[in-house]
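Text of target10.pdb (PDB, C-alpha atoms) as supplied:
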ATOM      1  CA  PRO A   1       0.000   0.000   0.000
ATOM      2  CA  GLY A   2       1.077   3.561  -0.711
ATOM      3  CA  PHE A   3       0.862   4.707   2.914
ATOM      4  CA  PHE A   4       3.212   1.926   3.980
ATOM      5  CA  ARG A   5       5.772   2.722   1.264
ATOM      6  CA  ARG A   6       5.871   6.403   2.312
ATOM      7  CA  PHE A   7       6.164   5.333   5.929
ATOM      8  CA  GLU A   8       9.004   2.950   5.075
ATOM      9  CA  ARG A   9      10.949   5.679   3.236
ATOM     10  CA  ARG A  10      10.632   8.035   6.211
ATOM     11  CA  TYR A  11      11.845   5.505   8.768
ATOM     12  CA  ARG A  12      14.796   4.293   6.687
ATOM     13  CA  ALA A  13      16.340   7.696   7.414
ATOM     14  CA  PHE A  14      16.385   6.689  11.093
ATOM     15  CA  GLY A  15      18.206   3.427  10.462
ATOM     16  CA  GLY A  16      15.321   0.979  10.198
ATOM     17  CA  THR A  17      15.877  -1.882   7.772
ATOM     18  CA  GLU A  18      13.134  -4.412   8.545
ATOM     19  CA  PHE A  19       9.616  -3.025   8.143
ATOM     20  CA  HIS A  20       6.437  -5.040   8.349
ATOM     21  CA  CYS A  21       2.867  -3.947   7.788
ATOM     22  CA  ILE A  22      -0.008  -5.691   9.549
ATOM     23  CA  ALA A  23      -3.369  -4.773   8.060
ATOM     24  CA  ALA A  24      -6.771  -5.587   9.531
ATOM     25  CA  ASP A  25      -7.391  -7.981   6.659
ATOM     26  CA  ASP A  26      -3.848  -9.412   6.588
ATOM     27  CA  PRO A  27      -4.046 -13.170   5.856
ATOM     28  CA  ARG A  28      -1.246 -13.738   8.393
ATOM     29  CA  LEU A  29      -3.744 -12.868  11.139
ATOM     30  CA  ALA A  30      -5.970 -15.739  10.059
ATOM     31  CA  GLU A  31      -2.959 -18.047   9.743
ATOM     32  CA  ALA A  32      -1.786 -17.053  13.217
ATOM     33  CA  ALA A  33      -5.195 -17.992  14.605
ATOM     34  CA  GLY A  34      -4.538 -21.477  13.227
ATOM     35  CA  SER A  35      -1.207 -23.225  12.948
ATOM     36  CA  GLY A  36       0.917 -20.204  12.013
ATOM     37  CA  ARG A  37       1.051 -18.351  15.349
ATOM     38  CA  ARG A  38       4.732 -19.077  16.010
ATOM     39  CA  GLU A  39       5.684 -17.833  12.525
ATOM     40  CA  ALA A  40       3.561 -14.691  12.906
ATOM     41  CA  ILE A  41       5.157 -13.855  16.257
ATOM     42  CA  ALA A  42       8.628 -14.428  14.793
ATOM     43  CA  PHE A  43       7.633 -12.128  11.921
ATOM     44  CA  ILE A  44       6.790  -9.363  14.402
ATOM     45  CA  HIS A  45       9.959  -9.793  16.438
ATOM     46  CA  SER A  46      12.149  -9.799  13.306
ATOM     47  CA  SER A  47      11.021  -6.233  12.582
ATOM     48  CA  ASP A  48      12.623  -2.921  13.396
ATOM     49  CA  VAL A  49       9.271  -1.242  12.825
ATOM     50  CA  VAL A  50       5.755  -2.699  12.752
ATOM     51  CA  TYR A  51       3.151  -0.578  10.983
ATOM     52  CA  LEU A  52      -0.484  -1.100  11.955
ATOM     53  CA  SER A  53      -2.624   0.141   9.086
ATOM     54  CA  GLY A  54      -6.098   1.593   9.148
ATOM     55  CA  GLY A  55      -9.368  -0.234   8.707
ATOM     56  CA  ASN A  56     -12.315  -1.173  10.872
ATOM     57  CA  THR A  57     -11.028  -0.935  14.444
ATOM     58  CA  PHE A  58     -13.399  -3.570  15.856
ATOM     59  CA  TYR A  59     -12.540  -6.090  13.154
ATOM     60  CA  TYR A  60      -8.823  -5.344  13.547
ATOM     61  CA  LEU A  61      -8.818  -5.809  17.339
ATOM     62  CA  TRP A  62     -10.909  -8.977  17.023
ATOM     63  CA  HIS A  63      -8.400 -10.437  14.551
ATOM     64  CA  LEU A  64      -5.397  -9.471  16.706
ATOM     65  CA  ARG A  65      -7.024 -11.119  19.743
ATOM     66  CA  ARG A  66      -8.107 -14.228  17.819
ATOM     67  CA  SER A  67      -4.642 -14.662  16.320
ATOM     68  CA  GLY A  68      -2.883 -14.193  19.659
ATOM     69  CA  LEU A  69      -0.810 -11.358  18.210
ATOM     70  CA  LEU A  70      -2.039  -8.614  20.549
ATOM     71  CA  PRO A  71       0.299  -9.734  23.391
ATOM     72  CA  ALA A  72       3.152 -10.225  20.888
ATOM     73  CA  LEU A  73       2.759  -6.646  19.659
ATOM     74  CA  ARG A  74       2.712  -5.407  23.251
ATOM     75  CA  ARG A  75       5.937  -7.323  24.039
ATOM     76  CA  PHE A  76       7.521  -6.000  20.837
ATOM     77  CA  ALA A  77       6.797  -2.402  21.894
ATOM     78  CA  ASP A  78       7.801  -3.019  25.533
ATOM     79  CA  ARG A  79      11.172  -4.347  24.339
ATOM     80  CA  GLY A  80      11.869  -1.164  22.376
ATOM     81  CA  GLY A  81      10.395  -2.064  18.988
ATOM     82  CA  VAL A  82       8.855   0.798  17.051
ATOM     83  CA  LEU A  83       5.119   0.421  16.616
ATOM     84  CA  ALA A  84       3.438   2.916  14.285
ATOM     85  CA  GLY A  85      -0.247   3.171  13.549
ATOM     86  CA  LEU A  86      -2.481   4.872  11.033
ATOM     87  CA  SER A  87      -6.093   5.552  11.999
ATOM     88  CA  ALA A  88      -7.378   2.252  13.480
ATOM     89  CA  GLY A  89      -3.766   1.167  13.955
ATOM     90  CA  ALA A  90      -3.141   4.254  16.101
ATOM     91  CA  ILE A  91      -6.319   3.688  18.125
ATOM     92  CA  LEU A  92      -5.041   0.178  18.907
ATOM     93  CA  ALA A  93      -2.025   1.641  20.747
ATOM     94  CA  THR A  94      -4.328   3.230  23.336
ATOM     95  CA  PRO A  95      -5.893   1.632  26.444
ATOM     96  CA  ASN A  96      -9.165   0.887  24.626
ATOM     97  CA  ILE A  97     -10.936   1.380  21.318
ATOM     98  CA  GLY A  98     -13.919   3.288  22.727
ATOM     99  CA  LEU A  99     -13.450   6.182  20.324
ATOM    100  CA  ALA A 100     -13.941   3.839  17.362
ATOM    101  CA  ALA A 101     -17.606   3.721  18.408
ATOM    102  CA  TYR A 102     -17.876   7.478  18.750
ATOM    103  CA  PRO A 103     -19.277   9.864  17.707
ATOM    104  CA  GLU A 104     -22.420   8.238  16.370
ATOM    105  CA  PHE A 105     -22.293  10.287  13.165
ATOM    106  CA  ASP A 106     -18.759   9.101  12.297
ATOM    107  CA  ARG A 107     -17.901   5.768  13.844
ATOM    108  CA  ASP A 108     -16.655   2.367  12.810
ATOM    109  CA  GLU A 109     -19.467  -0.140  12.558
ATOM    110  CA  ASN A 110     -19.105  -2.950  15.070
ATOM    111  CA  GLU A 111     -20.346  -5.523  12.569
ATOM    112  CA  ILE A 112     -18.715  -8.426  14.387
ATOM    113  CA  GLY A 113     -20.497  -7.525  17.633
ATOM    114  CA  LEU A 114     -17.355  -7.212  19.751
ATOM    115  CA  PRO A 115     -18.687  -6.507  23.276
ATOM    116  CA  SER A 116     -17.357  -3.394  25.025
ATOM    117  CA  SER A 117     -15.820  -5.658  27.689
ATOM    118  CA  ARG A 118     -13.398  -6.816  24.935
ATOM    119  CA  TRP A 119     -12.390  -3.314  23.748
ATOM    120  CA  THR A 120      -9.119  -3.295  25.715
ATOM    121  CA  ALA A 121      -6.298  -2.572  23.284
ATOM    122  CA  LEU A 122      -2.478  -2.471  23.525
ATOM    123  CA  ASP A 123      -2.474   0.114  26.348
ATOM    124  CA  LEU A 124       0.897   1.564  25.303
ATOM    125  CA  VAL A 125      -0.075   5.168  26.071
ATOM    126  CA  ASP A 126      -2.171   6.857  28.739
ATOM    127  CA  PHE A 127      -4.547   8.658  26.393
ATOM    128  CA  GLU A 128      -7.187   7.910  23.779
ATOM    129  CA  PHE A 129      -6.757   8.836  20.124
ATOM    130  CA  PHE A 130      -9.201  10.199  17.561
ATOM    131  CA  PRO A 131      -8.013  10.181  13.912
ATOM    132  CA  HIS A 132      -9.467  12.129  10.960
ATOM    133  CA  PHE A 133     -10.541  15.003  13.204
ATOM    134  CA  ARG A 134     -12.446  17.829  11.525
ATOM    135  CA  ARG A 135     -12.535  21.078  13.433
ATOM    136  CA  SER A 136     -16.266  21.558  13.153
ATOM    137  CA  ARG A 137     -18.529  22.487  16.016
ATOM    138  CA  ARG A 138     -20.169  19.052  15.774
ATOM    139  CA  TYR A 139     -16.886  17.148  16.263
ATOM    140  CA  ARG A 140     -15.600  19.500  18.965
ATOM    141  CA  GLU A 141     -18.789  19.219  21.015
ATOM    142  CA  ALA A 142     -18.869  15.428  20.628
ATOM    143  CA  LEU A 143     -15.248  15.023  21.757
ATOM    144  CA  CYS A 144     -15.741  17.430  24.670
ATOM    145  CA  ARG A 145     -18.695  15.280  25.824
ATOM    146  CA  TYR A 146     -16.709  12.071  25.413
ATOM    147  CA  SER A 147     -13.667  13.443  27.263
ATOM    148  CA  GLY A 148     -15.919  14.560  30.099
ATOM    149  CA  ARG A 149     -16.671  10.935  30.930
ATOM    150  CA  SER A 150     -13.418   9.240  29.872
ATOM    151  CA  ARG A 151     -10.694   8.309  32.359
ATOM    152  CA  PHE A 152      -8.147   9.398  29.753
ATOM    153  CA  PRO A 153      -7.473  12.603  27.847
ATOM    154  CA  VAL A 154      -8.264  12.438  24.125
ATOM    155  CA  TYR A 155      -5.843  13.609  21.445
ATOM    156  CA  ALA A 156      -7.430  14.315  18.073
ATOM    157  CA  CYS A 157      -5.447  14.688  14.855
ATOM    158  CA  SER A 158      -6.543  15.967  11.495
ATOM    159  CA  ASP A 159      -5.412  13.967   8.462
ATOM    160  CA  GLY A 160      -1.695  14.376   7.827
ATOM    161  CA  SER A 161      -0.999  15.044  11.520
ATOM    162  CA  GLY A 162       0.205  12.739  14.235
ATOM    163  CA  ILE A 163       1.740  12.077  17.610
ATOM    164  CA  VAL A 164       5.054  10.441  18.431
ATOM    165  CA  VAL A 165       5.507   8.923  21.881
ATOM    166  CA  GLU A 166       8.978   7.778  22.832
ATOM    167  CA  GLY A 167       9.294   6.826  26.473
ATOM    168  CA  ASP A 168       8.073   9.847  28.426
ATOM    169  CA  ARG A 169       8.524  12.174  25.439
ATOM    170  CA  PHE A 170       5.429  13.276  23.524
ATOM    171  CA  THR A 171       5.712  15.207  20.253
ATOM    172  CA  ALA A 172       2.770  16.502  18.232
ATOM    173  CA  HIS A 173       3.111  17.027  14.487
ATOM    174  CA  GLY A 174       0.626  19.041  12.458
ATOM    175  CA  ASP A 175      -2.823  19.935  13.758
ATOM    176  CA  VAL A 176      -3.411  18.231  17.113
ATOM    177  CA  TRP A 177      -6.077  18.973  19.715
ATOM    178  CA  LEU A 178      -6.428  17.876  23.323
ATOM    179  CA  PHE A 179      -9.851  17.150  24.797
ATOM    180  CA  ASP A 180      -9.744  16.611  28.543
ATOM    181  CA  ARG A 181     -12.519  16.680  31.150
ATOM    182  CA  GLY A 182     -14.901  18.363  28.742
ATOM    183  CA  GLN A 183     -12.463  21.062  27.643
ATOM    184  CA  GLU A 184     -10.758  21.588  24.271
ATOM    185  CA  ARG A 185      -7.315  23.012  23.511
ATOM    186  CA  LYS A 186      -5.282  23.063  20.302
ATOM    187  CA  ILE A 187      -1.739  21.973  21.193
ATOM    188  CA  ALA A 188      -0.004  21.975  17.786
ATOM    189  CA  GLY A 189      -0.438  23.284  14.267
TER     190      GLY A 189
END
Turn the structure described in the file into structure tokens.
Amino acid sequence: PGFFRRFERRYRAFGGTEFHCIAADDPRLAEAAGSGRREAIAFIHSSDVVYLSGGNTFYYLWHLRRSGLLPALRRFADRGGVLAGLSAGAILATPNIGLAAYPEFDRDENEIGLPSSRWTALDLVDFEFFPHFRRSRRYREALCRYSGRSRFPVYACSDGSGIVVEGDRFTAHGDVWLFDRGQERKIAG
């Protein structure tokens, strides 16, 4: 995919040589749910950088759980591996995928019926993430409401923007907003 190729070019400048993309519909996820789990985990751990693409967040998380790769991705990141995500892939790095179901006017459809008790994600950061943010009154009000009842602050990025978390260091690139306890603040861009 084009996004992955651009991503790969950017990270080569930082010394990465082994890049792997895991998409929500990646056949390796289905193989890992069967007899190929050991190979799929080895595939992850042979990477310098693992790129989690976009797609339906519910479907993606369900496949990662079913394949047993969710804990492998967590271990990869905990051991210093670089995990990068686009859209649904970025949501998966957070404590849960609650924002995939919100707001009602722009949410992923939970077609597989994944219960909210199974929405726990990689939990690599202490915030929630909202991709494809549009700075309209409708989105801002919806995210203020959501952040008012969430345990975590919400960072929202417009397309082409992002967040890099490295240890305790947080860097915002492009247009990034923070929604916390019902309040909104633009922090970059």
Identify all residues satisfying the PyMOL selection byres ((chain A and resi 47-64) around 6) in the given file; provide them as a PDB file with C-alpha atoms, in the frame of the given file.
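Saved the output as result.pdb:
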ATOM      1  CA  GLY A  16      15.321   0.979  10.198  1.00  0.00           C
ATOM      2  CA  GLU A  18      13.134  -4.412   8.545  1.00  0.00           C
ATOM      3  CA  PHE A  19       9.616  -3.025   8.143  1.00  0.00           C
ATOM      4  CA  HIS A  20       6.437  -5.040   8.349  1.00  0.00           C
ATOM      5  CA  CYS A  21       2.867  -3.947   7.788  1.00  0.00           C
ATOM      6  CA  ILE A  22      -0.008  -5.691   9.549  1.00  0.00           C
ATOM      7  CA  ALA A  23      -3.369  -4.773   8.060  1.00  0.00           C
ATOM      8  CA  ALA A  24      -6.771  -5.587   9.531  1.00  0.00           C
ATOM      9  CA  ILE A  44       6.790  -9.363  14.402  1.00  0.00           C
ATOM     10  CA  HIS A  45       9.959  -9.793  16.438  1.00  0.00           C
ATOM     11  CA  SER A  46      12.149  -9.799  13.306  1.00  0.00           C
ATOM     12  CA  ARG A  65      -7.024 -11.119  19.743  1.00  0.00           C
ATOM     13  CA  ARG A  66      -8.107 -14.228  17.819  1.00  0.00           C
ATOM     14  CA  SER A  67      -4.642 -14.662  16.320  1.00  0.00           C
ATOM     15  CA  LEU A  69      -0.810 -11.358  18.210  1.00  0.00           C
ATOM     16  CA  LEU A  70      -2.039  -8.614  20.549  1.00  0.00           C
ATOM     17  CA  VAL A  82       8.855   0.798  17.051  1.00  0.00           C
ATOM     18  CA  LEU A  83       5.119   0.421  16.616  1.00  0.00           C
ATOM     19  CA  ALA A  84       3.438   2.916  14.285  1.00  0.00           C
ATOM     20  CA  GLY A  85      -0.247   3.171  13.549  1.00  0.00           C
ATOM     21  CA  LEU A  86      -2.481   4.872  11.033  1.00  0.00           C
ATOM     22  CA  SER A  87      -6.093   5.552  11.999  1.00  0.00           C
ATOM     23  CA  ALA A  88      -7.378   2.252  13.480  1.00  0.00           C
ATOM     24  CA  GLY A  89      -3.766   1.167  13.955  1.00  0.00           C
ATOM     25  CA  ASP A 108     -16.655   2.367  12.810  1.00  0.00           C
ATOM     26  CA  ASN A 110     -19.105  -2.950  15.070  1.00  0.00           C
TER      27      ASN A 110
END
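Remark: for A:Phe76, the closest of the candidate residues A:Leu124, A:Gly98, A:Ala90, A:Pro115 is A:Leu124 (distances computed over all atoms listed in the file).
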- Which residue, A:Ala13, A:Ala72, A:Ile187, A:Ala77, has the smallest gap to A:Gly174 when you use only C-alpha atoms?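 Selected residue with least distance to A:Gly174: A:Ile187.
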- Message: From (-12.6, 10.4, 26.0), in the file's coordinates, out to 12 Å: which residues are reached, counting all atoms listed in the file? Answer as an MDAnalysis selection string.
- Response: chainID A and resid 94:103 126:130 140:156 178:184
